[in-house]
>>> print(open('start00.cif').read())   # mmCIF, N, CA and C atoms and all ligand atoms
data_coords
loop_
_atom_site.label_atom_id
_atom_site.label_comp_id
_atom_site.auth_asym_id
_atom_site.auth_seq_id
_atom_site.Cartn_x
_atom_site.Cartn_y
_atom_site.Cartn_z
N MET A 253 -2.16 140.54 -128.18
CA MET A 253 -1.04 139.97 -128.92
C MET A 253 -0.15 139.22 -127.93
N PRO A 254 0.18 137.98 -128.25
CA PRO A 254 1.06 137.22 -127.35
C PRO A 254 2.44 137.88 -127.24
N PRO A 255 3.08 137.78 -126.07
CA PRO A 255 4.41 138.37 -125.92
C PRO A 255 5.44 137.64 -126.77
N GLN A 256 6.53 138.34 -127.07
CA GLN A 256 7.60 137.74 -127.87
C GLN A 256 8.13 136.50 -127.15
N GLY A 257 8.38 135.44 -127.88
CA GLY A 257 8.87 134.21 -127.30
C GLY A 257 7.76 133.29 -126.82
N SER A 258 6.54 133.76 -126.89
CA SER A 258 5.39 132.96 -126.46
C SER A 258 5.16 131.80 -127.43
N ASN A 259 4.56 130.76 -126.94
CA ASN A 259 4.19 129.65 -127.83
C ASN A 259 2.73 129.78 -128.27
N GLU A 260 2.17 130.99 -128.12
CA GLU A 260 0.80 131.24 -128.57
C GLU A 260 0.80 131.90 -129.93
N LEU A 261 -0.20 131.60 -130.70
CA LEU A 261 -0.39 132.24 -131.99
C LEU A 261 -1.77 132.89 -131.97
N GLU A 262 -1.83 134.17 -132.26
CA GLU A 262 -3.11 134.86 -132.31
C GLU A 262 -3.48 135.07 -133.78
N LEU A 263 -4.59 134.54 -134.17
CA LEU A 263 -5.06 134.62 -135.55
C LEU A 263 -6.39 135.36 -135.56
N ILE A 264 -6.51 136.32 -136.42
CA ILE A 264 -7.77 137.07 -136.54
C ILE A 264 -8.36 136.80 -137.92
N THR A 265 -9.59 136.34 -137.93
CA THR A 265 -10.30 136.15 -139.19
C THR A 265 -11.59 136.95 -139.13
N TRP A 266 -12.18 137.17 -140.27
CA TRP A 266 -13.41 137.96 -140.32
C TRP A 266 -14.24 137.53 -141.52
N ASN A 267 -15.50 137.91 -141.48
CA ASN A 267 -16.36 137.67 -142.64
C ASN A 267 -15.80 138.49 -143.79
N ASN A 268 -15.60 137.83 -144.92
CA ASN A 268 -15.00 138.55 -146.04
C ASN A 268 -16.01 138.88 -147.13
N GLY A 269 -17.28 138.89 -146.77
CA GLY A 269 -18.28 139.31 -147.75
C GLY A 269 -19.67 139.24 -147.16
N PRO A 270 -20.58 140.01 -147.70
CA PRO A 270 -21.97 139.98 -147.23
C PRO A 270 -22.72 138.81 -147.83
N ILE A 271 -23.92 138.56 -147.34
CA ILE A 271 -24.79 137.57 -147.96
C ILE A 271 -25.09 138.03 -149.38
N ASP A 272 -24.92 137.16 -150.33
CA ASP A 272 -25.16 137.49 -151.73
C ASP A 272 -26.66 137.41 -152.01
N PRO A 273 -27.33 138.55 -152.25
CA PRO A 273 -28.79 138.53 -152.45
C PRO A 273 -29.19 137.80 -153.72
N LYS A 274 -28.25 137.59 -154.65
CA LYS A 274 -28.57 136.90 -155.90
C LYS A 274 -28.30 135.40 -155.83
N ALA A 275 -27.65 134.97 -154.75
CA ALA A 275 -27.34 133.54 -154.64
C ALA A 275 -28.61 132.74 -154.44
N ASN A 276 -28.67 131.58 -155.05
CA ASN A 276 -29.84 130.71 -154.91
C ASN A 276 -29.81 129.95 -153.60
N VAL A 277 -28.62 129.69 -153.11
CA VAL A 277 -28.45 128.90 -151.90
C VAL A 277 -27.63 129.70 -150.89
N CYS A 278 -28.07 129.70 -149.66
CA CYS A 278 -27.31 130.39 -148.62
C CYS A 278 -26.11 129.52 -148.24
N HIS A 279 -25.01 130.17 -147.93
CA HIS A 279 -23.81 129.42 -147.54
C HIS A 279 -23.02 130.23 -146.54
N ASN A 280 -21.98 129.62 -145.99
CA ASN A 280 -21.15 130.29 -145.00
C ASN A 280 -19.71 130.45 -145.49
N HIS A 281 -19.51 130.44 -146.78
CA HIS A 281 -18.16 130.52 -147.33
C HIS A 281 -17.41 131.76 -146.87
N SER A 282 -18.14 132.84 -146.63
CA SER A 282 -17.48 134.10 -146.28
C SER A 282 -17.29 134.28 -144.78
N HIS A 283 -17.79 133.35 -143.98
CA HIS A 283 -17.77 133.56 -142.52
C HIS A 283 -16.38 133.37 -141.92
N ALA A 284 -16.15 134.05 -140.82
CA ALA A 284 -14.85 134.03 -140.15
C ALA A 284 -14.46 132.62 -139.72
N GLU A 285 -15.44 131.83 -139.30
CA GLU A 285 -15.15 130.47 -138.87
C GLU A 285 -14.60 129.64 -140.04
N THR A 286 -15.20 129.84 -141.21
CA THR A 286 -14.74 129.14 -142.41
C THR A 286 -13.32 129.54 -142.75
N GLN A 287 -13.04 130.83 -142.62
CA GLN A 287 -11.67 131.31 -142.89
C GLN A 287 -10.67 130.62 -141.98
N PHE A 288 -11.04 130.51 -140.71
CA PHE A 288 -10.15 129.86 -139.74
C PHE A 288 -9.94 128.39 -140.10
N ILE A 289 -11.03 127.67 -140.33
CA ILE A 289 -10.94 126.24 -140.61
C ILE A 289 -10.07 126.00 -141.84
N GLU A 290 -10.27 126.77 -142.88
CA GLU A 290 -9.47 126.59 -144.11
C GLU A 290 -8.00 126.91 -143.85
N TRP A 291 -7.74 127.94 -143.07
CA TRP A 291 -6.35 128.29 -142.75
C TRP A 291 -5.70 127.16 -141.95
N PHE A 292 -6.41 126.68 -140.93
CA PHE A 292 -5.84 125.64 -140.07
C PHE A 292 -5.53 124.39 -140.88
N ARG A 293 -6.46 123.97 -141.70
CA ARG A 293 -6.28 122.75 -142.49
C ARG A 293 -5.12 122.86 -143.47
N ALA A 294 -4.78 124.08 -143.86
CA ALA A 294 -3.68 124.28 -144.81
C ALA A 294 -2.31 124.25 -144.14
N GLN A 295 -2.28 124.19 -142.81
CA GLN A 295 -0.99 124.20 -142.10
C GLN A 295 -0.33 122.82 -142.17
N PRO A 296 1.00 122.78 -142.01
CA PRO A 296 1.71 121.50 -142.05
C PRO A 296 1.23 120.54 -140.95
N VAL A 297 1.23 119.26 -141.26
CA VAL A 297 0.76 118.24 -140.32
C VAL A 297 1.53 118.31 -139.01
N ASP A 298 2.86 118.44 -139.09
CA ASP A 298 3.66 118.48 -137.86
C ASP A 298 3.29 119.68 -137.00
N TRP A 299 3.02 120.81 -137.63
CA TRP A 299 2.62 122.00 -136.86
C TRP A 299 1.29 121.74 -136.18
N LYS A 300 0.34 121.16 -136.89
CA LYS A 300 -0.98 120.90 -136.30
C LYS A 300 -0.87 119.95 -135.11
N LYS A 301 0.08 119.01 -135.18
CA LYS A 301 0.27 118.08 -134.06
C LYS A 301 0.81 118.80 -132.83
N SER A 302 1.43 119.96 -133.03
CA SER A 302 1.99 120.69 -131.89
C SER A 302 0.95 121.57 -131.19
N VAL A 303 -0.22 121.71 -131.79
CA VAL A 303 -1.26 122.57 -131.20
C VAL A 303 -1.89 121.85 -130.00
N THR A 304 -2.00 122.56 -128.89
CA THR A 304 -2.58 121.96 -127.68
C THR A 304 -3.94 122.56 -127.35
N GLU A 305 -4.22 123.77 -127.84
CA GLU A 305 -5.48 124.42 -127.50
C GLU A 305 -5.89 125.38 -128.60
N ILE A 306 -7.16 125.42 -128.90
CA ILE A 306 -7.74 126.42 -129.80
C ILE A 306 -8.79 127.15 -129.00
N ASN A 307 -8.64 128.45 -128.88
CA ASN A 307 -9.57 129.27 -128.12
C ASN A 307 -10.18 130.29 -129.08
N MET A 308 -11.41 130.06 -129.47
CA MET A 308 -12.07 130.90 -130.47
C MET A 308 -12.96 131.92 -129.76
N ALA A 309 -12.68 133.19 -129.95
CA ALA A 309 -13.47 134.27 -129.35
C ALA A 309 -14.18 135.01 -130.48
N LEU A 310 -15.49 134.87 -130.54
CA LEU A 310 -16.28 135.42 -131.64
C LEU A 310 -17.08 136.62 -131.17
N ASN A 311 -17.37 137.54 -132.10
CA ASN A 311 -18.27 138.64 -131.73
C ASN A 311 -19.73 138.18 -131.77
N VAL A 312 -20.04 137.28 -132.70
CA VAL A 312 -21.39 136.69 -132.72
C VAL A 312 -21.28 135.17 -132.75
N SER A 313 -22.32 134.52 -132.26
CA SER A 313 -22.32 133.05 -132.21
C SER A 313 -22.22 132.48 -133.63
N PRO A 314 -21.70 131.27 -133.74
CA PRO A 314 -21.61 130.65 -135.06
C PRO A 314 -23.00 130.41 -135.65
N CYS A 315 -23.12 130.61 -136.94
CA CYS A 315 -24.40 130.34 -137.61
C CYS A 315 -24.62 128.83 -137.65
N THR A 316 -25.78 128.41 -138.09
CA THR A 316 -26.10 126.98 -138.12
C THR A 316 -25.09 126.21 -138.97
N PHE A 317 -24.68 126.75 -140.09
CA PHE A 317 -23.73 126.04 -140.95
C PHE A 317 -22.37 125.98 -140.29
N CYS A 318 -21.95 127.06 -139.66
CA CYS A 318 -20.63 127.07 -139.01
C CYS A 318 -20.62 126.14 -137.80
N CYS A 319 -21.72 126.01 -137.10
CA CYS A 319 -21.78 125.04 -135.99
C CYS A 319 -21.49 123.64 -136.52
N ALA A 320 -22.10 123.29 -137.63
CA ALA A 320 -21.86 121.97 -138.22
C ALA A 320 -20.40 121.85 -138.67
N ASP A 321 -19.89 122.90 -139.30
CA ASP A 321 -18.50 122.85 -139.78
C ASP A 321 -17.51 122.76 -138.62
N LEU A 322 -17.77 123.51 -137.54
CA LEU A 322 -16.86 123.47 -136.39
C LEU A 322 -16.90 122.10 -135.71
N SER A 323 -18.07 121.49 -135.70
CA SER A 323 -18.18 120.15 -135.13
C SER A 323 -17.35 119.16 -135.96
N ASN A 324 -17.49 119.22 -137.26
CA ASN A 324 -16.72 118.33 -138.13
C ASN A 324 -15.23 118.62 -138.05
N PHE A 325 -14.89 119.90 -137.97
CA PHE A 325 -13.49 120.29 -137.84
C PHE A 325 -12.89 119.68 -136.57
N ALA A 326 -13.63 119.76 -135.48
CA ALA A 326 -13.13 119.23 -134.20
C ALA A 326 -12.92 117.72 -134.27
N LYS A 327 -13.81 117.04 -134.96
CA LYS A 327 -13.69 115.58 -135.07
C LYS A 327 -12.44 115.18 -135.84
N GLY A 328 -11.97 116.05 -136.72
CA GLY A 328 -10.80 115.73 -137.53
C GLY A 328 -9.48 116.13 -136.91
N LEU A 329 -9.52 116.69 -135.72
CA LEU A 329 -8.28 117.15 -135.07
C LEU A 329 -7.59 116.00 -134.35
N PRO A 330 -6.25 116.12 -134.18
CA PRO A 330 -5.56 115.12 -133.37
C PRO A 330 -6.15 115.10 -131.96
N ALA A 331 -6.15 113.95 -131.35
CA ALA A 331 -6.72 113.82 -130.00
C ALA A 331 -5.96 114.70 -129.01
N GLY A 332 -6.67 115.21 -128.04
CA GLY A 332 -6.04 115.95 -126.96
C GLY A 332 -6.04 117.46 -127.10
N ILE A 333 -6.43 117.98 -128.24
CA ILE A 333 -6.48 119.43 -128.39
C ILE A 333 -7.69 119.96 -127.61
N LYS A 334 -7.43 120.94 -126.74
CA LYS A 334 -8.51 121.56 -125.97
C LYS A 334 -9.18 122.62 -126.84
N LEU A 335 -10.50 122.56 -126.92
CA LEU A 335 -11.25 123.48 -127.76
C LEU A 335 -12.12 124.38 -126.90
N LYS A 336 -11.99 125.68 -127.09
CA LYS A 336 -12.80 126.63 -126.34
C LYS A 336 -13.46 127.60 -127.32
N ILE A 337 -14.67 127.98 -127.02
CA ILE A 337 -15.38 128.92 -127.89
C ILE A 337 -16.24 129.85 -127.04
N SER A 338 -16.31 131.09 -127.45
CA SER A 338 -17.18 132.05 -126.78
C SER A 338 -17.62 133.10 -127.79
N TRP A 339 -18.69 133.80 -127.46
CA TRP A 339 -19.16 134.90 -128.31
C TRP A 339 -19.86 135.92 -127.44
N ILE A 340 -20.05 137.11 -128.02
CA ILE A 340 -20.64 138.22 -127.28
C ILE A 340 -22.15 138.30 -127.51
N GLU A 341 -22.56 138.13 -128.75
CA GLU A 341 -23.99 138.23 -129.08
C GLU A 341 -24.42 137.03 -129.91
N VAL A 342 -25.70 136.75 -129.85
CA VAL A 342 -26.27 135.67 -130.66
C VAL A 342 -26.42 136.16 -132.10
N TYR A 343 -26.02 135.30 -133.04
CA TYR A 343 -26.17 135.65 -134.46
C TYR A 343 -27.60 135.38 -134.89
N GLU A 344 -28.29 136.46 -135.25
CA GLU A 344 -29.65 136.34 -135.74
C GLU A 344 -29.77 137.19 -137.00
N THR A 345 -30.33 136.61 -138.03
CA THR A 345 -30.52 137.36 -139.25
C THR A 345 -31.94 137.11 -139.76
N ALA A 346 -32.51 138.13 -140.35
CA ALA A 346 -33.88 138.03 -140.86
C ALA A 346 -33.85 138.04 -142.38
N GLY A 347 -34.97 137.71 -142.98
CA GLY A 347 -35.06 137.75 -144.43
C GLY A 347 -34.31 136.60 -145.07
N LYS A 348 -33.67 136.89 -146.21
CA LYS A 348 -32.95 135.85 -146.92
C LYS A 348 -31.86 135.26 -146.03
N CYS A 349 -31.77 133.98 -146.04
CA CYS A 349 -30.77 133.23 -145.28
C CYS A 349 -31.02 133.28 -143.78
N GLN A 350 -32.27 133.52 -143.37
CA GLN A 350 -32.54 133.53 -141.94
C GLN A 350 -32.32 132.17 -141.31
N GLU A 351 -32.24 131.12 -142.15
CA GLU A 351 -31.96 129.80 -141.61
C GLU A 351 -30.54 129.69 -141.07
N LEU A 352 -29.72 130.70 -141.33
CA LEU A 352 -28.36 130.70 -140.78
C LEU A 352 -28.34 131.18 -139.33
N SER A 353 -29.42 131.77 -138.85
CA SER A 353 -29.46 132.25 -137.46
C SER A 353 -29.16 131.11 -136.50
N THR A 354 -28.36 131.41 -135.49
CA THR A 354 -28.01 130.41 -134.49
C THR A 354 -29.26 129.87 -133.81
N THR A 355 -29.32 128.57 -133.63
CA THR A 355 -30.44 127.94 -132.94
C THR A 355 -29.91 127.08 -131.79
N ILE A 356 -30.82 126.72 -130.91
CA ILE A 356 -30.47 125.80 -129.83
C ILE A 356 -29.91 124.51 -130.43
N GLU A 357 -30.58 124.03 -131.47
CA GLU A 357 -30.17 122.77 -132.08
C GLU A 357 -28.77 122.87 -132.68
N SER A 358 -28.49 124.00 -133.33
CA SER A 358 -27.16 124.13 -133.95
C SER A 358 -26.07 124.19 -132.88
N LEU A 359 -26.37 124.83 -131.76
CA LEU A 359 -25.36 124.94 -130.70
C LEU A 359 -25.04 123.59 -130.07
N THR A 360 -25.99 122.67 -130.09
CA THR A 360 -25.70 121.35 -129.52
C THR A 360 -24.61 120.64 -130.31
N LYS A 361 -24.40 121.06 -131.56
CA LYS A 361 -23.33 120.45 -132.36
C LYS A 361 -21.94 120.84 -131.86
N LEU A 362 -21.89 121.84 -130.99
CA LEU A 362 -20.60 122.29 -130.45
C LEU A 362 -20.27 121.60 -129.14
N SER A 363 -20.82 120.41 -128.92
CA SER A 363 -20.61 119.74 -127.65
C SER A 363 -19.14 119.35 -127.44
N ASN A 364 -18.36 119.28 -128.51
CA ASN A 364 -16.95 118.96 -128.33
C ASN A 364 -16.10 120.21 -128.09
N TRP A 365 -16.75 121.37 -127.97
CA TRP A 365 -16.06 122.61 -127.63
C TRP A 365 -16.44 123.03 -126.22
N GLU A 366 -15.45 123.42 -125.44
CA GLU A 366 -15.76 123.97 -124.11
C GLU A 366 -16.36 125.35 -124.33
N HIS A 367 -17.48 125.58 -123.70
CA HIS A 367 -18.24 126.80 -123.95
C HIS A 367 -17.95 127.82 -122.85
N ASN A 368 -17.23 128.84 -123.21
CA ASN A 368 -16.86 129.87 -122.23
C ASN A 368 -17.99 130.85 -122.03
N SER A 369 -18.17 131.31 -120.84
CA SER A 369 -19.16 132.36 -120.60
C SER A 369 -18.46 133.72 -120.69
N PRO A 370 -19.13 134.82 -121.02
CA PRO A 370 -20.55 134.83 -121.34
C PRO A 370 -20.78 134.55 -122.82
N SER A 371 -21.62 133.64 -123.11
CA SER A 371 -21.98 133.32 -124.48
C SER A 371 -23.48 133.04 -124.50
N PRO A 372 -24.27 134.06 -124.75
CA PRO A 372 -25.73 133.91 -124.67
C PRO A 372 -26.26 132.97 -125.74
N GLY A 373 -27.36 132.34 -125.45
CA GLY A 373 -28.04 131.49 -126.41
C GLY A 373 -29.15 132.27 -127.09
N PRO A 374 -29.79 131.65 -128.06
CA PRO A 374 -30.92 132.30 -128.72
C PRO A 374 -31.98 132.73 -127.71
N LYS A 375 -32.50 133.94 -127.87
CA LYS A 375 -33.42 134.51 -126.88
C LYS A 375 -34.70 133.70 -126.73
N SER A 376 -35.15 133.13 -127.81
CA SER A 376 -36.45 132.46 -127.78
C SER A 376 -36.48 131.26 -126.86
N LYS A 377 -35.35 130.57 -126.70
CA LYS A 377 -35.34 129.37 -125.87
C LYS A 377 -34.12 129.37 -124.94
N SER A 378 -33.74 130.53 -124.47
CA SER A 378 -32.48 130.62 -123.72
C SER A 378 -32.50 129.77 -122.45
N ASP A 379 -33.70 129.53 -121.90
CA ASP A 379 -33.77 128.74 -120.67
C ASP A 379 -33.42 127.28 -120.90
N SER A 380 -33.55 126.84 -122.14
CA SER A 380 -33.29 125.42 -122.40
C SER A 380 -31.99 125.22 -123.17
N LEU A 381 -31.12 126.22 -123.14
CA LEU A 381 -29.86 126.11 -123.85
C LEU A 381 -29.12 124.85 -123.42
N MET A 382 -28.76 124.03 -124.38
CA MET A 382 -28.15 122.74 -124.09
C MET A 382 -26.68 122.87 -123.72
N ILE A 383 -26.01 123.88 -124.27
CA ILE A 383 -24.58 124.04 -124.00
C ILE A 383 -24.42 124.54 -122.57
N LYS A 384 -23.57 123.91 -121.82
CA LYS A 384 -23.35 124.32 -120.45
C LYS A 384 -21.90 124.75 -120.27
N ASN A 385 -21.71 125.66 -119.36
CA ASN A 385 -20.34 126.06 -119.02
C ASN A 385 -19.66 124.90 -118.35
N LYS A 386 -18.41 124.68 -118.70
CA LYS A 386 -17.68 123.56 -118.10
C LYS A 386 -16.73 124.09 -117.06
ZN ZN B 1 -21.32 131.04 -140.10
#
>>> encode(input="start00.cif", output="structure tokens")
Amino acid sequence: MPPQGSNELELITWNNGPIDPKANVCHNHSHAETQFIEWFRAQPVDWKKSVTEINMALNVSPCTFCCADLSNFAKGLPAGIKLKISWIEVYETAGKCQELSTTIESLTKLSNWEHNSPSPGPKSKSDSLMIKNK
């Protein structure tokens, strides 16, 4: 928690629902990244202009859909905002919606985010992970 008087804001978001086994299409509406993006976009324009850095610390890597959404989100931000992202484990899911599992290709969409270590890549191709520590 930032100290009193700090110009930092700590926001915690989380997945607000499981994968719906009855859904015909997989989506990321319930993911923590989506919660953050929707919250940020709802803030006043002047407040958003005052933001200088977004540092996203995730427990698991963004899924393929969230990688695309975070890339688009970053493109819509005012110029000059520093973007940082990190995670502890790679998001991998089996069965229904396994296409949401993080891939090397999806992580390349985060090229506009500074990638903090340690943030492991998918195990299958970890040697060729495109995202590099800056
Ligand atoms: Zn996601």
>>> residues_near_ligand(input="start00.cif", ligand="ligand ZN 1 (chain B)", cutoff="8 Å", atoms="all atoms listed in the file", output="ChimeraX atom specification")
/A:279-286,313-319,352
>>> closest_atom_pairs(input="start00.cif", of="range 260-338 of chain A", to="range 362-366 of chain A", cutoff="5 Å", atoms="only N, CA and C atoms", output="tab-separated table")
residue	atom	partner	partner_atom	distance
A:Leu335	C	A:Glu366	N	3.8
A:Lys336	CA	A:Glu366	N	4.3
A:Ile337	N	A:Glu366	C	4.1
>>> closest_residue(input="start00.cif", among="A:Asn368, A:Asn311, A:Thr355, A:Asn324", to="Glu341 in chain A", atoms="only N, CA and C atoms")
A:Asn311
>>> select_by_dssp(input="start00.cif", residues="chain A", states="strand (DSSP E or B)", output="list in words")
Glu305, Ile306, Asn307, Met308, Ala309, Leu310, Asn311, Val312, Lys334, Leu335, Lys336, Ile337, Ser338, Trp339, Ile340, Glu341, Glu366, His367 and Asn385 of chain A
>>> atom_distance(input="start00.cif", atom1="CA of Leu359 in chain A", atom2="CA of Val297 in chain A")
28.6 Å
>>> closest_residue(input="start00.cif", among="A:Ser353, A:Ser358, A:Ile306, A:Glu260", to="Lys334 in chain A", atoms="all atoms listed in the file")
A:Ile306
>>> atom_distance(input="start00.cif", atom1="CA of Ser323 in chain A", atom2="CA of Glu290 in chain A")
14.1 Å
>>> select_by_dssp(input="start00.cif", residues="chain A", states="helix (DSSP H, G or I)", output="number ranges by chain")
A: 284-293, 297-302, 316-327, 350-352, 356-360, 375-380
>>> closest_residue(input="start00.cif", among="A:Thr345, A:Asn307, A:Gln350, A:Asn267", to="His367 in chain A", atoms="only C-alpha atoms")
A:Asn307
>>> closest_residue(input="start00.cif", among="A:Ala331, A:Val277, A:Leu263, A:Ala309", to="Phe292 in chain A", atoms="only C-alpha atoms")
A:Leu263
>>> atom_distance(input="start00.cif", atom1="atom N of Lys274 in chain A", atom2="CA of Cys349 in chain A")
10.6 Å
>>> residues_around(input="start00.cif", residues="Gly332 in chain A", least_positions_apart="2", cutoff="8 Å", atoms="only N, CA and C atoms", output="list in words")
Val303, Thr304, Glu305, Leu329, Pro330, Lys334 and Leu335 of chain A
